[in-house]
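**Q** Provided below: final.cif, containing mmCIF, C-alpha atoms.
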```cif
data_final
#
loop_
_atom_site.label_atom_id
_atom_site.label_comp_id
_atom_site.auth_asym_id
_atom_site.auth_seq_id
_atom_site.Cartn_x
_atom_site.Cartn_y
_atom_site.Cartn_z
CA MET A 1276 115.43 130.80 102.24
CA ALA A 1277 118.83 130.31 103.85
CA THR A 1278 120.61 127.00 103.53
CA ALA A 1279 123.23 125.37 105.70
CA LYS A 1280 125.74 125.59 102.87
CA ASP A 1281 125.37 129.38 102.64
CA LYS A 1282 126.22 129.65 106.31
CA GLY A 1283 129.26 127.43 106.04
CA LEU A 1284 127.57 124.54 107.78
CA ALA A 1285 127.30 120.94 106.69
CA LEU A 1286 124.70 118.38 107.69
CA CYS A 1287 125.93 114.93 108.68
CA PRO A 1288 124.05 112.43 106.50
CA LYS A 1289 124.07 109.77 109.22
CA CYS A 1290 123.17 111.56 112.43
CA HIS A 1291 121.71 114.80 111.00
CA LYS A 1292 123.95 117.01 113.08
CA LEU A 1293 125.02 120.38 111.75
CA ASN A 1294 128.77 120.82 111.63
CA PRO A 1295 130.90 123.79 110.66
CA ALA A 1296 132.23 122.91 107.21
CA THR A 1297 135.82 123.89 107.81
CA ALA A 1298 137.71 121.31 105.76
CA GLU A 1299 136.53 118.55 103.48
CA PRO A 1300 135.93 115.83 104.52
CA VAL A 1301 134.16 117.10 107.62
CA ILE A 1302 134.42 114.90 110.70
CA CYS A 1303 131.11 114.96 112.51
CA VAL A 1304 131.29 116.19 116.09
CA ARG A 1305 128.47 113.88 117.11
CA CYS A 1306 128.94 110.54 115.39
CA HIS A 1307 132.60 110.95 114.41
CA GLY A 1308 131.90 109.94 110.81
CA LYS A 1309 133.56 111.48 107.81
CA PHE A 1310 131.34 113.16 105.26
CA TYR A 1311 131.21 115.87 102.62
CA GLN A 1312 128.99 118.93 102.48
CA ARG A 1313 127.36 117.50 99.35
CA LYS A 1314 127.75 113.92 98.29
CA ARG A 1315 131.03 113.94 96.42
CA ASN A 1316 130.88 113.57 92.62
CA SER A 1317 127.21 112.80 93.09
CA LEU A 1318 126.21 113.37 89.47
CA GLN A 1319 129.05 111.29 88.04
CA TYR A 1320 128.31 108.38 90.34
CA THR A 1321 124.60 108.52 89.60
CA LEU A 1322 125.26 108.65 85.87
CA ALA A 1323 127.75 105.78 86.01
CA TRP A 1324 125.48 103.46 88.02
CA ASN A 1325 122.61 104.43 85.77
CA VAL A 1326 124.45 103.56 82.55
CA ALA A 1327 125.55 100.25 84.09
CA ALA A 1328 121.95 99.49 85.10
CA LEU A 1329 120.68 100.32 81.63
CA LEU A 1330 123.27 98.03 80.04
CA ALA A 1331 122.38 95.15 82.36
CA PHE A 1332 118.69 95.71 81.60
CA ILE A 1333 119.18 94.66 77.94
CA PRO A 1334 120.29 91.03 78.58
CA ALA A 1335 117.77 90.89 81.42
CA ASN A 1336 115.01 91.19 78.84
CA LEU A 1337 116.58 89.08 76.09
CA TYR A 1338 117.52 85.96 78.05
CA PRO A 1339 114.91 83.64 79.60
CA ILE A 1340 114.15 84.45 83.23
CA MET A 1341 112.35 81.22 84.11
CA ILE A 1342 112.39 77.75 82.59
CA VAL A 1343 109.44 75.50 83.42
CA TYR A 1344 110.10 71.77 82.97
CA GLN A 1345 107.04 69.61 82.50
CA LEU A 1346 107.70 65.90 82.07
CA GLY A 1347 111.27 66.68 81.11
CA ILE A 1348 110.44 69.25 78.45
CA GLY A 1349 111.72 72.73 79.18
CA ASP A 1350 109.70 75.82 78.34
CA GLU A 1351 111.70 79.04 78.42
CA ALA A 1352 110.10 82.38 79.20
CA THR A 1353 111.56 85.86 79.16
CA ILE A 1354 110.09 88.63 81.31
CA LEU A 1355 107.87 89.86 78.49
CA SER A 1356 106.77 86.44 77.24
CA GLY A 1357 105.95 85.47 80.84
CA ILE A 1358 103.67 88.47 81.07
CA GLY A 1359 102.13 87.47 77.73
CA GLU A 1360 101.35 84.04 79.16
CA PHE A 1361 99.59 85.57 82.17
CA ILE A 1362 97.41 87.62 79.85
CA GLU A 1363 96.56 84.52 77.81
CA HIS A 1364 95.56 82.70 81.00
CA GLY A 1365 93.45 85.68 82.00
CA LEU A 1366 95.51 86.48 85.12
CA TYR A 1367 95.37 90.23 84.55
CA PRO A 1368 96.18 91.47 88.10
CA ILE A 1369 99.41 89.42 88.17
CA ALA A 1370 100.30 90.51 84.66
CA ILE A 1371 99.90 94.15 85.69
CA ILE A 1372 101.90 93.72 88.92
CA ILE A 1373 104.78 91.90 87.23
CA PHE A 1374 104.79 94.30 84.28
CA THR A 1375 104.88 97.30 86.61
CA ALA A 1376 107.54 95.87 88.91
CA SER A 1377 109.89 94.44 86.33
CA ILE A 1378 109.55 96.65 83.25
CA ILE A 1379 107.98 100.00 84.13
CA VAL A 1380 109.65 100.63 87.49
CA PRO A 1381 113.29 99.99 86.40
CA LEU A 1382 112.77 101.99 83.22
CA ILE A 1383 111.14 104.88 85.07
CA LYS A 1384 113.95 104.86 87.60
CA ILE A 1385 116.68 104.89 84.96
CA ILE A 1386 115.02 107.52 82.77
CA GLY A 1387 114.01 109.63 85.77
CA LEU A 1388 117.52 109.70 87.19
CA PHE A 1389 118.97 110.57 83.77
CA VAL A 1390 116.53 113.49 83.57
CA LEU A 1391 117.37 114.65 87.11
CA VAL A 1392 121.11 114.48 86.47
CA TYR A 1393 120.66 116.39 83.21
CA LYS A 1394 118.51 119.06 84.85
CA VAL A 1395 120.93 119.57 87.72
CA HIS A 1396 123.90 119.67 85.38
CA THR A 1397 122.46 122.20 82.95
CA GLY A 1398 120.03 123.98 85.25
CA ILE A 1399 117.49 124.27 82.43
CA ARG A 1400 113.90 124.56 83.66
CA LEU A 1401 114.85 123.17 87.03
CA LYS A 1402 111.86 123.13 89.37
CA PRO A 1403 113.28 122.00 92.73
CA ASP A 1404 109.97 121.31 94.46
CA LYS A 1405 108.66 119.21 91.59
CA HIS A 1406 111.90 117.40 90.90
CA SER A 1407 112.60 116.56 94.53
CA LYS A 1408 109.16 114.91 94.65
CA ILE A 1409 110.13 112.88 91.61
CA TYR A 1410 113.33 111.88 93.37
CA HIS A 1411 111.38 110.74 96.44
CA ILE A 1412 109.17 108.56 94.29
CA LEU A 1413 112.20 107.05 92.53
CA GLU A 1414 113.86 106.34 95.86
CA PHE A 1415 110.73 104.71 97.23
CA LEU A 1416 110.27 102.51 94.14
CA GLY A 1417 113.81 101.13 94.41
CA PRO A 1418 113.44 97.78 96.14
CA TRP A 1419 110.04 96.92 94.65
CA SER A 1420 111.51 95.76 91.37
CA MET A 1421 113.16 92.90 93.26
CA LEU A 1422 109.69 91.35 93.23
CA ASP A 1423 110.33 89.30 90.11
CA VAL A 1424 113.53 87.85 91.57
CA PHE A 1425 111.76 86.75 94.73
CA VAL A 1426 108.88 85.27 92.75
CA VAL A 1427 111.29 83.21 90.64
CA ALA A 1428 113.19 82.13 93.77
CA LEU A 1429 109.96 80.98 95.40
CA MET A 1430 108.76 79.20 92.28
CA VAL A 1431 112.06 77.35 91.96
CA THR A 1432 111.80 76.23 95.57
CA VAL A 1433 108.14 75.36 95.85
CA VAL A 1434 107.54 73.77 92.47
CA GLU A 1435 110.07 71.01 92.79
CA LEU A 1436 108.29 67.78 92.04
CA GLY A 1437 111.11 65.94 90.34
CA PHE A 1438 110.31 64.77 86.82
CA VAL A 1439 106.68 65.92 86.80
CA THR A 1440 107.20 69.64 87.14
CA SER A 1441 110.13 71.73 88.14
CA VAL A 1442 111.15 75.31 87.61
CA ALA A 1443 114.64 76.58 86.94
CA ALA A 1444 115.87 80.16 86.90
CA GLY A 1445 117.28 81.46 83.63
CA PRO A 1446 120.37 83.60 83.15
CA ALA A 1447 118.29 86.78 82.90
CA ILE A 1448 117.64 86.70 86.63
CA ASN A 1449 121.27 87.62 87.36
CA TYR A 1450 121.24 90.54 84.95
CA PHE A 1451 117.92 91.68 86.32
CA THR A 1452 119.13 91.72 89.93
CA ILE A 1453 122.21 93.65 88.78
CA THR A 1454 119.90 96.19 87.15
CA VAL A 1455 117.83 96.60 90.29
CA ILE A 1456 120.81 96.89 92.64
CA PHE A 1457 122.59 99.35 90.35
CA THR A 1458 119.52 101.57 90.11
CA MET A 1459 119.35 101.54 93.91
CA PHE A 1460 123.01 102.58 94.08
CA ALA A 1461 122.30 105.28 91.50
CA ALA A 1462 119.38 106.67 93.50
CA ASN A 1463 121.42 106.56 96.72
CA SER A 1464 124.34 108.43 95.22
CA PHE A 1465 122.16 111.25 93.94
CA ASP A 1466 122.05 114.22 96.28
CA PRO A 1467 118.62 115.93 96.23
CA ARG A 1468 120.13 119.06 97.77
CA LEU A 1469 121.82 119.76 94.44
CA LEU A 1470 118.36 120.44 93.02
CA TRP A 1471 117.93 123.35 95.42
CA ASP A 1472 121.47 124.70 95.28
CA LYS A 1473 121.10 126.65 92.05
CA GLN A 1474 117.95 128.34 93.27
CA THR A 1475 119.46 129.51 96.53
CA SER A 1476 122.73 130.80 95.11
CA GLU A 1477 120.91 134.01 94.15
CA SER A 1478 119.62 134.67 97.63
CA VAL A 1479 122.93 134.25 99.45
CA ASN A 1480 123.29 137.96 100.03
CA ASN A 1481 119.94 138.22 101.76
CA SER A 1482 120.57 135.29 104.01
CA SER A 1483 123.76 136.68 105.52
CA ASN A 1484 121.64 139.36 107.22
CA THR A 1485 119.38 136.88 108.92
CA LEU A 1486 122.44 134.98 110.07
CA SER A 1487 123.79 137.93 112.03
CA GLU A 1488 120.33 138.56 113.51
CA GLN A 1489 120.10 135.01 114.68
CA LYS A 1490 123.59 135.20 116.10
CA ASP A 1491 122.65 138.28 118.12
CA ARG A 1492 119.67 136.48 119.50
CA ASN A 1493 121.80 133.53 120.50
CA ASP A 1494 124.29 135.72 122.30
CA LYS A 1495 121.54 137.18 124.44
CA MET B 1387 132.63 134.22 111.87
CA ASP B 1388 130.92 130.95 111.08
CA LYS B 1389 132.67 129.14 113.87
CA LYS B 1390 130.83 131.13 116.50
CA ILE B 1391 127.43 129.79 115.51
CA ASN B 1392 126.16 127.32 118.04
CA THR B 1393 125.21 124.53 115.67
CA SER B 1394 122.99 122.76 118.17
CA LEU B 1395 120.46 125.60 117.94
CA PHE B 1396 119.76 124.90 114.28
CA VAL B 1397 118.50 122.08 112.16
CA ALA B 1398 118.88 121.70 108.43
CA CYS B 1399 116.58 119.83 106.09
CA GLN B 1400 118.14 116.61 104.83
CA GLN B 1401 116.51 116.94 101.44
CA CYS B 1402 116.97 120.58 100.53
CA ASP B 1403 119.47 121.94 103.07
CA ALA B 1404 117.20 124.77 104.26
CA ILE B 1405 118.19 125.87 107.76
CA TYR B 1406 115.81 126.50 110.66
CA ASP B 1407 115.93 127.28 114.35
CA LYS B 1408 115.66 124.04 116.22
CA PRO B 1409 112.03 123.59 117.27
CA HIS B 1410 111.17 122.29 120.72
CA LEU B 1411 108.87 119.37 120.19
CA LYS B 1412 106.75 117.35 122.55
CA GLN B 1413 106.40 113.62 122.16
CA GLY B 1414 104.43 112.75 119.07
CA GLN B 1415 105.08 116.04 117.30
CA LEU B 1416 107.08 116.45 114.15
CA ALA B 1417 108.53 119.41 112.30
CA LYS B 1418 108.35 119.67 108.52
CA CYS B 1419 110.44 121.67 106.11
CA ASN B 1420 108.60 124.68 104.68
CA ARG B 1421 110.32 124.44 101.36
CA CYS B 1422 110.28 120.78 100.36
CA GLY B 1423 107.83 119.26 102.85
CA SER B 1424 110.06 116.50 104.18
CA THR B 1425 110.30 115.78 107.89
CA LEU B 1426 112.95 117.79 109.73
CA ILE B 1427 112.85 116.19 113.14
CA GLU B 1428 110.35 114.01 114.88
CA ARG B 1429 109.81 113.11 118.51
CA LYS B 1430 108.25 109.71 118.67
CA VAL B 1431 106.06 108.52 121.52
CA ASP B 1432 107.69 106.02 123.87
CA SER B 1433 110.34 105.36 121.30
CA ILE B 1434 112.71 103.25 123.38
CA GLU B 1435 110.04 101.09 125.02
CA ARG B 1436 108.24 100.47 121.78
CA SER B 1437 111.25 99.61 119.68
CA PHE B 1438 112.52 97.34 122.47
CA ASN B 1439 109.27 95.41 122.56
CA TRP B 1440 108.76 95.24 118.83
CA SER B 1441 112.29 94.09 118.13
CA LEU B 1442 112.15 91.51 120.92
CA ALA B 1443 108.92 90.13 119.46
CA GLY B 1444 110.50 90.20 116.02
CA LEU B 1445 113.50 88.20 117.14
CA MET B 1446 111.23 85.64 118.77
CA LEU B 1447 109.22 85.28 115.57
CA MET B 1448 112.37 85.04 113.48
CA LEU B 1449 112.92 81.30 113.90
CA PRO B 1450 109.36 80.16 113.11
CA ALA B 1451 109.20 82.57 110.17
CA ILE B 1452 112.38 81.18 108.66
CA LEU B 1453 112.04 77.50 109.52
CA LEU B 1454 108.30 76.75 109.25
CA PRO B 1455 107.10 75.92 105.74
CA ILE B 1456 105.41 78.89 104.10
CA MET B 1457 103.44 77.05 101.46
CA GLY B 1458 103.20 73.74 99.73
CA VAL B 1459 101.94 72.42 96.41
CA THR B 1460 100.24 69.19 95.45
CA LEU B 1461 100.45 68.10 91.84
CA ALA B 1462 99.88 64.65 90.38
CA GLY B 1463 99.75 63.12 93.83
CA GLN B 1464 103.07 64.56 94.91
CA PHE B 1465 103.35 67.01 97.74
CA HIS B 1466 106.14 69.46 98.33
CA GLN B 1467 106.45 72.31 100.74
CA ALA B 1468 109.12 74.87 101.41
CA SER B 1469 110.19 77.29 104.10
CA LEU B 1470 112.33 80.35 103.70
CA PHE B 1471 115.36 78.36 104.81
CA ASP B 1472 114.58 75.53 102.37
CA CYS B 1473 114.33 78.18 99.72
CA ILE B 1474 117.99 79.08 100.15
CA LEU B 1475 119.13 75.46 100.46
CA VAL B 1476 117.31 74.46 97.27
CA LEU B 1477 118.65 77.47 95.38
CA ILE B 1478 122.22 76.66 96.40
CA ASP B 1479 121.67 72.98 95.64
CA ARG B 1480 120.56 73.74 92.11
CA GLY B 1481 123.37 76.18 91.45
CA PHE B 1482 121.54 79.52 91.53
CA PHE B 1483 124.06 81.10 93.87
CA MET B 1484 123.25 84.68 93.06
CA ILE B 1485 119.54 84.48 93.88
CA ALA B 1486 120.36 82.40 96.94
CA CYS B 1487 122.68 85.14 98.16
CA LEU B 1488 120.13 87.85 97.44
CA VAL B 1489 117.27 86.08 99.18
CA PHE B 1490 119.52 85.36 102.14
CA LEU B 1491 120.76 88.94 102.36
CA PHE B 1492 117.57 90.88 101.75
CA ALA B 1493 114.99 88.59 103.31
CA ILE B 1494 116.95 87.03 106.19
CA ALA B 1495 120.29 88.61 107.08
CA VAL B 1496 119.50 92.32 106.83
CA PRO B 1497 116.16 92.11 108.71
CA ILE B 1498 117.77 90.03 111.47
CA VAL B 1499 120.73 92.36 111.84
CA ARG B 1500 118.39 95.35 111.91
CA LEU B 1501 116.16 93.76 114.53
CA ALA B 1502 119.13 92.74 116.66
CA GLY B 1503 120.62 96.22 116.27
CA ALA B 1504 117.37 97.91 117.30
CA LEU B 1505 117.08 95.55 120.28
CA TYR B 1506 120.65 96.22 121.40
CA LEU B 1507 120.23 99.98 121.08
CA SER B 1508 116.93 100.14 122.90
CA TYR B 1509 118.25 97.73 125.55
CA CYS B 1510 121.21 100.02 126.20
CA PHE B 1511 118.94 103.04 126.44
CA LYS B 1512 116.30 101.32 128.51
CA PHE B 1513 118.72 100.15 131.18
CA ASN B 1514 120.95 103.19 130.86
CA LYS B 1515 124.06 101.36 129.76
CA LEU B 1516 125.33 103.93 127.30
CA LYS B 1517 128.79 103.46 125.94
CA PRO B 1518 130.80 105.37 123.35
CA SER B 1519 130.79 102.40 120.97
CA LEU B 1520 127.08 103.02 120.45
CA LEU B 1521 127.99 106.04 118.32
CA ASN B 1522 129.72 103.86 115.76
CA PHE B 1523 127.09 101.20 116.14
CA PHE B 1524 124.18 103.47 115.38
CA ARG B 1525 126.03 105.06 112.48
CA ALA B 1526 126.64 101.63 110.97
CA TYR B 1527 122.99 100.72 111.58
CA HIS B 1528 121.92 103.41 109.11
CA HIS B 1529 123.82 101.73 106.28
CA LEU B 1530 121.15 99.03 106.19
CA ASP B 1531 118.25 101.47 105.87
CA HIS B 1532 117.46 100.75 102.24
CA TRP B 1533 118.24 97.07 102.10
CA ALA B 1534 115.57 95.29 104.11
CA MET B 1535 113.12 93.88 101.59
CA LEU B 1536 110.72 91.81 103.67
CA ASN B 1537 107.75 93.73 102.30
CA VAL B 1538 108.83 93.03 98.72
CA PHE B 1539 109.32 89.38 99.59
CA MET B 1540 105.80 89.32 101.05
CA LEU B 1541 104.39 90.63 97.78
CA GLY B 1542 106.52 87.99 96.04
CA ILE B 1543 104.85 85.30 98.15
CA VAL B 1544 101.40 86.64 97.28
CA VAL B 1545 102.19 86.80 93.56
CA SER B 1546 103.65 83.31 93.41
CA MET B 1547 100.71 81.93 95.41
CA TYR B 1548 98.33 83.45 92.91
CA LYS B 1549 100.46 82.03 90.12
CA LEU B 1550 100.45 78.52 91.60
CA LEU B 1551 96.75 78.63 92.39
CA ASP B 1552 96.12 78.50 88.66
CA ASP B 1553 97.24 74.95 88.01
CA THR B 1554 98.13 73.27 91.30
CA GLU B 1555 96.60 72.59 94.67
CA LEU B 1556 98.09 75.07 97.06
CA THR B 1557 98.33 74.71 100.81
CA ILE B 1558 99.24 77.52 103.15
CA ASN B 1559 101.18 76.68 106.28
CA LEU B 1560 101.86 78.30 109.62
CA GLY B 1561 105.09 79.73 108.26
CA LEU B 1562 103.16 82.34 106.29
CA LEU B 1563 101.49 83.66 109.45
CA ALA B 1564 104.83 83.75 111.25
CA PHE B 1565 106.38 85.53 108.28
CA ILE B 1566 103.64 88.18 108.19
CA LEU B 1567 104.00 88.80 111.93
CA TRP B 1568 107.78 88.99 111.53
CA LEU B 1569 107.35 91.53 108.74
CA ILE B 1570 105.04 93.63 110.95
CA CYS B 1571 107.43 93.47 113.92
CA SER B 1572 110.50 94.42 111.94
CA THR B 1573 108.72 97.30 110.22
CA MET B 1574 107.32 98.59 113.50
CA SER B 1575 110.66 98.37 115.30
CA ALA B 1576 112.31 100.39 112.54
CA VAL B 1577 109.48 102.94 112.60
CA ALA B 1578 109.46 103.26 116.38
CA LEU B 1579 113.16 104.02 116.71
CA ASP B 1580 113.55 107.75 117.30
CA GLN B 1581 116.84 108.69 115.67
CA ASP B 1582 116.97 112.32 116.76
CA TYR B 1583 116.34 111.42 120.39
CA ILE B 1584 119.01 108.71 120.37
CA TRP B 1585 121.58 110.96 118.72
CA ASP B 1586 120.79 113.84 121.07
CA LYS B 1587 121.20 111.66 124.10
CA LEU B 1588 124.39 110.08 122.85
CA GLU B 1589 125.80 113.50 122.06
CA ARG B 1590 125.07 114.82 125.52
CA LYS B 1591 126.62 111.75 127.09
CA PHE B 1592 129.74 111.69 124.98
CA PRO B 1593 130.43 115.22 123.83
CA ARG B 1594 133.31 115.36 121.43
CA SER B 1595 133.13 119.06 120.70
CA CYS B 1596 134.37 119.81 124.22
CA ILE B 1597 137.61 117.97 123.58
CA HIS B 1598 138.36 120.34 120.74
CA GLY B 1599 137.27 123.40 122.66
CA ASN B 1600 134.33 124.32 120.43
CA CYS B 1601 131.72 124.43 123.16
#
```
So that I can check it, write out the structure of this file as C-alpha cells.

**A**
Amino acid sequence: MATAKDKGLALCPKCHKLNPATAEPVICVRCHGKFYQRKRNSLQYTLAWNVAALLAFIPANLYPIMIVYQLGIGDEATILSGIGEFIEHGLYPIAIIIFTASIIVPLIKIIGLFVLVYKVHTGIRLKPDKHSKIYHILEFLGPWSMLDVFVVALMVTVVELGFVTSVAAGPAINYFTITVIFTMFAANSFDPRLLWDKQTSESVNNSSNTLSEQKDRNDK
Amino acid sequence: MDKKINTSLFVACQQCDAIYDKPHLKQGQLAKCNRCGSTLIERKVDSIERSFNWSLAGLMLMLPAILLPIMGVTLAGQFHQASLFDCILVLIDRGFFMIACLVFLFAIAVPIVRLAGALYLSYCFKFNKLKPSLLNFFRAYHHLDHWAMLNVFMLGIVVSMYKLLDDTELTINLGLLAFILWLICSTMSAVALDQDYIWDKLERKFPRSCIHGNC
C-alpha cells in the first residue's frame, strides 16, 4: 500500500490536508500551520516524557494522597492503602475502579509506550496493525487516570465540617497529576505512522507505478 | 514530479499514512482506512446546525452547572454542600493550588473555551460570515482536543458519592443534573462538528495555494 511519505506528500496534523513535502518544516497550504512530515524526534520525546512520568509515579505511591481528619486526628492514606481500606469496608466496585484508574492505567500506559518505542526503534517483531491498536487504547486511556485527583478534590471540598471531619490532600496528589499529564504528553508525542513506516519501505518501488497511473487519470 | 500531483484529489490516513483517492461522500457517510481501520474522512449530518444548537445549549447550562451545588453531606448535625465553583475556592483557600488549577483547567476552562469556540465557528458558518482569521482559530481549537475531562470528572463525582454514602448522609442537588446536561451538550457539540467540511469550505473561501501559483 502506498503512503503519502513515499509520494513526497505530508499530511497536516491539524487540518488533515495533504501538502507537498518540499522543505521541512512544511507550511500547510490550507491552515498555514507549520508541521513536519513525521512528528519530529517523536521517539526521543515519548521516551523522555515516559521516563519523567515513571519517576513521578514513585513518590505518588509512597506519599499519602489523602489525609482524613476525624475529631482532630489525622489518618493518612496512600493510593494503595486507600484501596485496602475500601476492600476492608466491602466496597469492591470502588476499589476496582480506583485500582484500575490510578495503578493499572498509568503503569500500562508507561510500559506500553516503552514497548512501542522499543519496537519502532529496533523493528523487531513489529506488527503495525496490532501495535497501532495498542496505541489507540493507550491514547484513549490517557485522561481517565485523572479520576483519583478529581475524587480527592471533591472529597476535600464536600467533606468540610470543621473539627468533626475534614479531608486534606496529601503531597502524593501533585506527583500523581504530574505522572498523568506526562503520560498524556508522551502518548501525544508518539507518532503512530512510524509503526507503519518500516513495513512500507519495502514496497516503495511498487507504489511509484500506481502514482504515475493516478497522475495520468488526473490529467484526463 | 511530485509537485504536479493535485493534492486535493487524495486523502491520507492520519494513523498510518496510507494514501487514497478522495472519496465523494454523502451526508452521514464515512470512509475508513483499509489498512489500520481508522476513519479517513467523515461527512456528518447537519453538522453546522447541530453543533450550533448543542454548543448554545451547553453555554446556557454552563452557569447552573458551575454555580449550583452538586452534592451535600450531613454528618453529626452539620450540613455542608459544594458546587464546582466552591470546589475551586475551597481548594485555593486550603492551599492546594495545583489541584485547584487542574480542576479549573480541565473541568471548567477547557470545556467552556471549547463550547465557545464551537459556537463561534458554527455561528460564522451558519450566517456566512467567514473570515480568514477562522483558519488560525480552528487550528488553535484542535490543541484542546485531548484536554477536556468532564467525563472523567463525572466519574469522579459518582465515585466520591459512593464513597460518602458509606458513612454520611448524602444529598444530591440540582447542580448534578445541570452538570450531567452540560457534559452531554459539550460532548455532543464536539462530536457534531464536521472538521473536514469546515476545512474544505475555509480552503475554498481563502485559497492560499493560488497566491503561490500552485493551483

**Q** Please evaluate the PyMOL selection byres ((chain B) within 7 of (chain A)) against the structure above and give the resulting residues as an mmCIF file with C-alpha atoms, in the coordinates of the input.

**A**
```
data_model
loop_
_atom_site.group_PDB
_atom_site.id
_atom_site.type_symbol
_atom_site.label_atom_id
_atom_site.label_comp_id
_atom_site.auth_asym_id
_atom_site.auth_seq_id
_atom_site.Cartn_x
_atom_site.Cartn_y
_atom_site.Cartn_z
ATOM 1 C CA ASP B 1388 130.920 130.950 111.080
ATOM 2 C CA LYS B 1389 132.670 129.140 113.870
ATOM 3 C CA ILE B 1391 127.430 129.790 115.510
ATOM 4 C CA THR B 1393 125.210 124.530 115.670
ATOM 5 C CA VAL B 1397 118.500 122.080 112.160
ATOM 6 C CA ALA B 1398 118.880 121.700 108.430
ATOM 7 C CA GLN B 1401 116.510 116.940 101.440
ATOM 8 C CA CYS B 1402 116.970 120.580 100.530
ATOM 9 C CA ASP B 1403 119.470 121.940 103.070
ATOM 10 C CA ALA B 1404 117.200 124.770 104.260
ATOM 11 C CA ILE B 1405 118.190 125.870 107.760
ATOM 12 C CA CYS B 1422 110.280 120.780 100.360
ATOM 13 C CA GLY B 1458 103.200 73.740 99.730
ATOM 14 C CA VAL B 1459 101.940 72.420 96.410
ATOM 15 C CA GLN B 1464 103.070 64.560 94.910
ATOM 16 C CA HIS B 1466 106.140 69.460 98.330
ATOM 17 C CA GLN B 1467 106.450 72.310 100.740
ATOM 18 C CA ALA B 1468 109.120 74.870 101.410
ATOM 19 C CA CYS B 1473 114.330 78.180 99.720
ATOM 20 C CA VAL B 1476 117.310 74.460 97.270
ATOM 21 C CA LEU B 1477 118.650 77.470 95.380
ATOM 22 C CA MET B 1484 123.250 84.680 93.060
ATOM 23 C CA ILE B 1485 119.540 84.480 93.880
ATOM 24 C CA LEU B 1521 127.990 106.040 118.320
ATOM 25 C CA ASN B 1522 129.720 103.860 115.760
ATOM 26 C CA ARG B 1525 126.030 105.060 112.480
ATOM 27 C CA HIS B 1528 121.920 103.410 109.110
ATOM 28 C CA MET B 1535 113.120 93.880 101.590
ATOM 29 C CA VAL B 1538 108.830 93.030 98.720
ATOM 30 C CA PHE B 1539 109.320 89.380 99.590
ATOM 31 C CA GLY B 1542 106.520 87.990 96.040
ATOM 32 C CA ILE B 1543 104.850 85.300 98.150
ATOM 33 C CA VAL B 1545 102.190 86.800 93.560
ATOM 34 C CA SER B 1546 103.650 83.310 93.410
ATOM 35 C CA TRP B 1585 121.580 110.960 118.720
ATOM 36 C CA GLU B 1589 125.800 113.500 122.060
ATOM 37 C CA ARG B 1594 133.310 115.360 121.430
ATOM 38 C CA SER B 1595 133.130 119.060 120.700
#
```

**Q** Would you list the residues near (99.2, 77.5, 106.0) (no more than 12 Å away, in the coordinates of the file, using only C-alpha atoms) as a list in words?

**A**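 Output: Ala1451, Leu1454, Pro1455, Ile1456, Met1457, Gly1458, Val1459, Gln1467, Ala1468, Ser1469, Met1547, Leu1556, Thr1557, Ile1558, Asn1559, Leu1560, Gly1561, Leu1562, Leu1563, Ala1564, Phe1565 and Ile1566 of chain B.
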
**Q** For the structure shown, which residues end up in the PyMOL selection byres ((chain A and resi 1323) around 12)? Put them as an NGL selection string, please?

**A** :A and (1316-1322 or 1324-1330 or 1385 or 1388-1389 or 1392 or 1457-1458 or 1460-1462 or 1464-1465)

**Q** Take the residues from that selection and write them out as a PDB file, in the coordinates of the input, keeping C-alpha atoms.

**A**
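Full text of again39.pdb as output:
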```
ATOM      1  CA  ASN A1316     130.880 113.570  92.620  1.00  0.00           C
ATOM      2  CA  SER A1317     127.210 112.800  93.090  1.00  0.00           C
ATOM      3  CA  LEU A1318     126.210 113.370  89.470  1.00  0.00           C
ATOM      4  CA  GLN A1319     129.050 111.290  88.040  1.00  0.00           C
ATOM      5  CA  TYR A1320     128.310 108.380  90.340  1.00  0.00           C
ATOM      6  CA  THR A1321     124.600 108.520  89.600  1.00  0.00           C
ATOM      7  CA  LEU A1322     125.260 108.650  85.870  1.00  0.00           C
ATOM      8  CA  TRP A1324     125.480 103.460  88.020  1.00  0.00           C
ATOM      9  CA  ASN A1325     122.610 104.430  85.770  1.00  0.00           C
ATOM     10  CA  VAL A1326     124.450 103.560  82.550  1.00  0.00           C
ATOM     11  CA  ALA A1327     125.550 100.250  84.090  1.00  0.00           C
ATOM     12  CA  ALA A1328     121.950  99.490  85.100  1.00  0.00           C
ATOM     13  CA  LEU A1329     120.680 100.320  81.630  1.00  0.00           C
ATOM     14  CA  LEU A1330     123.270  98.030  80.040  1.00  0.00           C
ATOM     15  CA  ILE A1385     116.680 104.890  84.960  1.00  0.00           C
ATOM     16  CA  LEU A1388     117.520 109.700  87.190  1.00  0.00           C
ATOM     17  CA  PHE A1389     118.970 110.570  83.770  1.00  0.00           C
ATOM     18  CA  VAL A1392     121.110 114.480  86.470  1.00  0.00           C
ATOM     19  CA  PHE A1457     122.590  99.350  90.350  1.00  0.00           C
ATOM     20  CA  THR A1458     119.520 101.570  90.110  1.00  0.00           C
ATOM     21  CA  PHE A1460     123.010 102.580  94.080  1.00  0.00           C
ATOM     22  CA  ALA A1461     122.300 105.280  91.500  1.00  0.00           C
ATOM     23  CA  ALA A1462     119.380 106.670  93.500  1.00  0.00           C
ATOM     24  CA  SER A1464     124.340 108.430  95.220  1.00  0.00           C
ATOM     25  CA  PHE A1465     122.160 111.250  93.940  1.00  0.00           C
TER      26      PHE A1465
END
```

**Q** In Å to one decimal, how far is atom CA of B:Cys1419 from atom CA of B:Phe1592?

**A** 28.8 Å

**Q** Name the residues within 12 Å of (110.3, 114.2, 118.7), counting only C-alpha atoms in the file's coordinates, and put them as JSON, numbers by chain.

**A** {"B": [1408, 1409, 1410, 1411, 1412, 1413, 1414, 1415, 1416, 1417, 1418, 1425, 1426, 1427, 1428, 1429, 1430, 1431, 1432, 1433, 1578, 1579, 1580, 1581, 1582, 1583, 1584, 1585, 1586]}
